[in-house]
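Trainee: Before I ask anything, here is the structure I am working with.
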Amino acid sequence: MAMVDLARHAQAKPVSLSDIATRQEISLSYLEQLFARLRRAGLVKSVRGPGGGYRLARGSAETRVSEIILAVDEPISATRCTEMGATGCRADRSKCLTHDLWEELGNQIHLFLSSVTLLDVLERRLASRLLEAPSAANSDAMAAAS
């Protein structure tokens, strides 16, 4: 939310975190932590002095939602399992029964968020993209018909 707000309002001048906090109803101290990470990841630039604040480091069309999530250390995971590495996610080192299902869902979420830019969110292009995507039911019906 904060990055979309920044993309919308930082056209003419840098945006202060306190303005974003007020508009988006997000804790200022939390935003300060997030923006430190976003700056280290090269997604935002800080401007010091009077009238200072933050700007996007790249255009909103070049900034992907997945980059933002990864920069602030929010895992894109749909499973409660820990990283498996060479072992499974259970105490006996096996995979739980639904591990592959949730792991693949996490992969699909990451792929989707990698395809979405801040500009897509700003211009509300997501609803039309989702409507255009084939549904599983349609895919099943098409497979059964062939």
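We label chains A, B, ... in the order they appear in the structure tokens, count residues from 1 in each chain, and number ligands from 1 in the order shown.
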Compile the contact shell of range 57-73 of chain A as a PyMOL selection string: residues with an atom at most 8 Å away, counting only C-alpha atoms, same-chain residues fewer than 6 positions apart removed.

Mentor: chain A and resi 7+34+37-38+41-45+110+113-120

Trainee: Would you list, as a ChimeraX atom specification, the residues of chain A that end up in alpha helix (DSSP H) under DSSP run on this structure's backbone?

Mentor: /A:2-9,17-24,28-40,65-71,99-114,118-122,126-132,136-145

Trainee: Within 8 Å of Ile20 in chain A, counting only C-alpha atoms, which residues show up once you throw out same-chain ones fewer than 6 positions away? Write them as a ChimeraX atom specification, please.

Mentor: /A:2,5-6,26

Trainee: Save the residues we just selected, all heavy atoms, as a PDB file, in the first residue's frame?

Mentor:
```pdb
ATOM      1  N   ALA A   2       1.918   1.225   0.772  1.00  0.00           N
ATOM      2  CA  ALA A   2       2.792   2.391   0.875  1.00  0.00           C
ATOM      3  C   ALA A   2       3.504   2.678  -0.444  1.00  0.00           C
ATOM      4  O   ALA A   2       3.632   3.837  -0.843  1.00  0.00           O
ATOM      5  CB  ALA A   2       3.818   2.187   1.991  1.00  0.00           C
ATOM      6  N   ASP A   5       1.029   4.161  -2.872  1.00  0.00           N
ATOM      7  CA  ASP A   5       0.814   5.547  -2.463  1.00  0.00           C
ATOM      8  C   ASP A   5       1.973   6.413  -2.933  1.00  0.00           C
ATOM      9  O   ASP A   5       1.766   7.497  -3.488  1.00  0.00           O
ATOM     10  CB  ASP A   5       0.662   5.619  -0.940  1.00  0.00           C
ATOM     11  CG  ASP A   5       0.309   7.014  -0.458  1.00  0.00           C
ATOM     12  OD1 ASP A   5       1.213   7.878  -0.428  1.00  0.00           O
ATOM     13  OD2 ASP A   5      -0.861   7.251  -0.099  1.00  0.00           O
ATOM     14  N   LEU A   6       3.192   5.932  -2.736  1.00  0.00           N
ATOM     15  CA  LEU A   6       4.375   6.672  -3.175  1.00  0.00           C
ATOM     16  C   LEU A   6       4.362   6.865  -4.687  1.00  0.00           C
ATOM     17  O   LEU A   6       4.627   7.965  -5.184  1.00  0.00           O
ATOM     18  CB  LEU A   6       5.647   5.926  -2.742  1.00  0.00           C
ATOM     19  CG  LEU A   6       6.971   6.594  -3.075  1.00  0.00           C
ATOM     20  CD1 LEU A   6       7.120   7.916  -2.331  1.00  0.00           C
ATOM     21  CD2 LEU A   6       8.122   5.657  -2.728  1.00  0.00           C
ATOM     22  N   ILE A  26      -1.136   3.506   8.367  1.00  0.00           N
ATOM     23  CA  ILE A  26      -0.050   2.583   8.698  1.00  0.00           C
ATOM     24  C   ILE A  26       0.832   3.275   9.731  1.00  0.00           C
ATOM     25  O   ILE A  26       1.084   4.479   9.630  1.00  0.00           O
ATOM     26  CB  ILE A  26       0.794   2.220   7.453  1.00  0.00           C
ATOM     27  CG1 ILE A  26      -0.079   1.603   6.362  1.00  0.00           C
ATOM     28  CG2 ILE A  26       1.939   1.288   7.818  1.00  0.00           C
ATOM     29  CD1 ILE A  26       0.649   1.404   5.025  1.00  0.00           C
TER      30      ILE A  26
END
```

Trainee: Applying 8 Å and only C-alpha atoms, which residues near range 8-11 of chain A remain after dropping the ones on its own chain fewer than 6 positions away? List them as an mmCIF file with N, CA, C and O atoms, in the first residue's frame.

Mentor:
```cif
data_model
loop_
_atom_site.group_PDB
_atom_site.id
_atom_site.type_symbol
_atom_site.label_atom_id
_atom_site.label_comp_id
_atom_site.auth_asym_id
_atom_site.auth_seq_id
_atom_site.Cartn_x
_atom_site.Cartn_y
_atom_site.Cartn_z
ATOM 1 N N TYR A 54 10.609 10.523 0.118
ATOM 2 C CA TYR A 54 11.009 9.392 -0.716
ATOM 3 C C TYR A 54 10.419 9.505 -2.109
ATOM 4 O O TYR A 54 9.362 10.090 -2.312
ATOM 5 N N ARG A 55 11.144 8.902 -3.061
ATOM 6 C CA ARG A 55 10.709 8.739 -4.449
ATOM 7 C C ARG A 55 10.977 7.299 -4.847
ATOM 8 O O ARG A 55 11.826 6.640 -4.260
ATOM 9 N N LEU A 56 10.294 6.844 -5.872
ATOM 10 C CA LEU A 56 10.626 5.541 -6.441
ATOM 11 C C LEU A 56 11.984 5.636 -7.105
ATOM 12 O O LEU A 56 12.304 6.640 -7.738
ATOM 13 N N LEU A 122 -1.826 0.758 -9.700
ATOM 14 C CA LEU A 122 -2.318 2.141 -9.769
ATOM 15 C C LEU A 122 -3.448 2.302 -10.772
ATOM 16 O O LEU A 122 -4.422 3.009 -10.520
#
```

Trainee: Counting only C-alpha atoms, figure out which residue out of A:Glu25, A:Lys13, A:Arg40, A:Ser18 gets nearest to Gly52 in chain A.

Mentor: A:Lys13

Trainee: Run DSSP on the backbone and tell me which residues of chain A come out as strand (DSSP E or B); list them as a count of residues only.

Mentor: 11

Trainee: Residues near Glu32 in chain A, anyone? I mean within 8 Å using only C-alpha atoms, not counting same-chain ones fewer than 4 positions away, as a tab-separated table (two decimals) with N, CA and C atoms, in the first residue's frame.

Mentor:
```
chain	number	residue	atom	x	y	z
A	17	LEU	N	7.10	10.07	4.76
A	17	LEU	CA	6.49	8.87	5.33
A	17	LEU	C	5.31	9.21	6.21
A	28	LEU	N	3.80	4.91	11.49
A	28	LEU	CA	4.97	5.60	10.97
A	28	LEU	C	6.25	4.83	11.29
A	36	ALA	N	13.53	1.66	5.07
A	36	ALA	CA	14.98	1.42	5.19
A	36	ALA	C	15.35	0.19	4.35
```

Trainee: Using only C-alpha atoms, pick whichever of A:Phe35, A:Ser16, A:Leu126, A:Val47 has the shortest atom-to-atom distance to Phe112 in chain A.

Mentor: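 Checking each candidate against Phe112 in chain A, we get A:Leu126 as the closest.
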
Trainee: In Å, rounded to a single decimal, give me how far CA of Ala12 in chain A is from CA of Arg39 in chain A.

Mentor: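 Computed distance, CA of Arg39 in chain A to CA of Ala12 in chain A, equals 19.6 Å.
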